[in-house]
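Structure, as structure tokens:
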Amino acid sequence: MIEYIRGEIAELTPAVAVIDCNGLGYAVNISLNTYSAIQGKGNCKLFIHEAIREDAHILFGFADKAEREIFQLLISVSGIGGNTARMILSAMSYQELVQVISTENANMLKTVKGIGLKTAQRVIVDLKDKIKISASDAAGQSAMLPMMNNEVQNEAVAALTMLGFASAPSQKVVQTILKEEPGAAVERVIKLALKRL
């Protein structure tokens, strides 16, 4: 089992990081929070969760162990797969998710694309006893560098398309968000878009 991958960031999008380890490139699915943490770095270390199926061997990577632990708890809930768990961790930070579960805020969880009220309630019931809020997890968010609107728009739409949304509605939502918040960073644009699509 792979515990972590450390290497040079060969390619990086808000949904996938390709990590070069001694000439071998690993495509790792990441959340927006991990993207924010490793963006702009030459090298990184990602803690890995392997999903091995008959038809695929998928790697999910996280900038820290706490996010991976939350991801593994999420996929232990019936009806939540790797991509849905990643979507939840892209819509909110794991600290926010811990808060949502511990305060039993099903409505907040329901704002994530693909999560209905029953699934949100199941997540809360299954995980509220397993999650403990740890003050040491309150790591500061990395500084978001404002980028050119066009670049942000293209990256956000590409990420949403990779997450399975149609290109046209994604484009429309992203443009609306950028009109409201012209200086928004790509992670913020995607987070807002995930709540509106």
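How things are named: the first chain in the structure tokens is A, the next is B, and so on; residues count from 1 in each chain; ligands count from 1 in the order shown.
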Per-residue nearest contacts of segment 66-160 of chain A to segment 22-42 of chain A (7 Å; only C-alpha atoms) as a tab-separated table:
```
residue	atom	partner	partner_atom	distance
A:Arg86	CA	A:Ser31	CA	5.5
A:Leu89	CA	A:Ser31	CA	6.0
A:Ser90	CA	A:Leu32	CA	4.6
A:Ser93	CA	A:Asn33	CA	6.3
A:Ser142	CA	A:Ala37	CA	6.0
```
### Message
Taking only segment 10-189 of chain A into account, list the residues labelled helix (DSSP H, G or I) by DSSP (computed from the backbone), as a PyMOL selection string.
### Response
chain A and resi 32-38+65-75+82-91+94-102+106-110+117-127+135-137+149-162+167-180+186-189
### Query
Residues at most 7 Å from Val123 of chain A, counting only C-alpha atoms, excluding those fewer than 4 positions away in the same chain, as a list of chain:residue names?
A:Val77, A:Thr119, A:Leu127
Within 8 Å of segment 4-10 of chain A, which residues of segment 34-67 of chain A show up? Give each one with its shortest atom-to-atom distance in Å (one decimal) and the two atoms involved, counting only C-alpha atoms, rows by chain then rising residue number, as a Markdown table.
```
| residue | atom | partner | partner_atom | distance |
| --- | --- | --- | --- | --- |
| A:Lys41 | CA | A:Ile9 | CA | 7.6 |
| A:Gly42 | CA | A:Ile9 | CA | 5.8 |
| A:Asn43 | CA | A:Glu8 | CA | 4.2 |
| A:Cys44 | CA | A:Arg6 | CA | 5.7 |
| A:Lys45 | CA | A:Arg6 | CA | 4.1 |
| A:Leu46 | CA | A:Ile5 | CA | 5.4 |
| A:Phe47 | CA | A:Tyr4 | CA | 4.2 |
| A:Ile48 | CA | A:Tyr4 | CA | 5.1 |
```
#### Entry: Those of chain A in DSSP strand (DSSP E), formatted as a ChimeraX atom specification
/A:4-12,16-21,24-30,43-52,57-62
### Separation of atom CA of Ala185 of chain A from atom CA of Phe60 of chain A, in Å and rounded to one decimal
23.2 Å
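Among the candidates A:Asp20, A:Glu155, A:Glu54, A:Asp126, the residue lying nearest to Val189 of chain A is A:Glu155 (atoms considered: only C-alpha atoms).
Among the candidates A:Val16, A:Ala91, A:Cys21, A:Ala51, the residue lying nearest to Ala159 of chain A is A:Val16 (atoms considered: only C-alpha atoms).
With distances restricted to only C-alpha atoms, A:Val157 is the closest residue to Leu178 of chain A from A:Leu197, A:Val157, A:Ala56, A:Phe165.
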What lies within 10 Å of Ile115 of chain A using only C-alpha atoms, ignoring chain neighbours under 5 positions off, as an mmCIF file with C-alpha atoms, in the first residue's frame?
```
data_model
loop_
_atom_site.group_PDB
_atom_site.id
_atom_site.type_symbol
_atom_site.label_atom_id
_atom_site.label_comp_id
_atom_site.auth_asym_id
_atom_site.auth_seq_id
_atom_site.Cartn_x
_atom_site.Cartn_y
_atom_site.Cartn_z
ATOM 1 C CA GLY A 79 -23.509 5.658 -0.912
ATOM 2 C CA ILE A 80 -20.383 7.873 -0.812
ATOM 3 C CA THR A 84 -18.292 12.266 -4.032
ATOM 4 C CA MET A 87 -16.415 16.801 -4.125
ATOM 5 C CA ILE A 88 -17.378 17.343 -0.458
ATOM 6 C CA ALA A 106 -27.437 18.602 7.194
ATOM 7 C CA LEU A 109 -23.883 19.382 3.614
ATOM 8 C CA LYS A 110 -26.823 19.300 1.199
ATOM 9 C CA ALA A 120 -26.335 14.255 4.310
ATOM 10 C CA GLN A 121 -28.191 12.823 7.328
ATOM 11 C CA VAL A 123 -23.043 11.106 6.820
#
```
### Task
Fewer than 5 positions away in the same chain doesn't count, so skip those; otherwise give me all residues within 12 Å of Val125 of chain A, counting only C-alpha atoms, as a ChimeraX atom specification.
/A:74,77-78,100-106,118-120,130-131
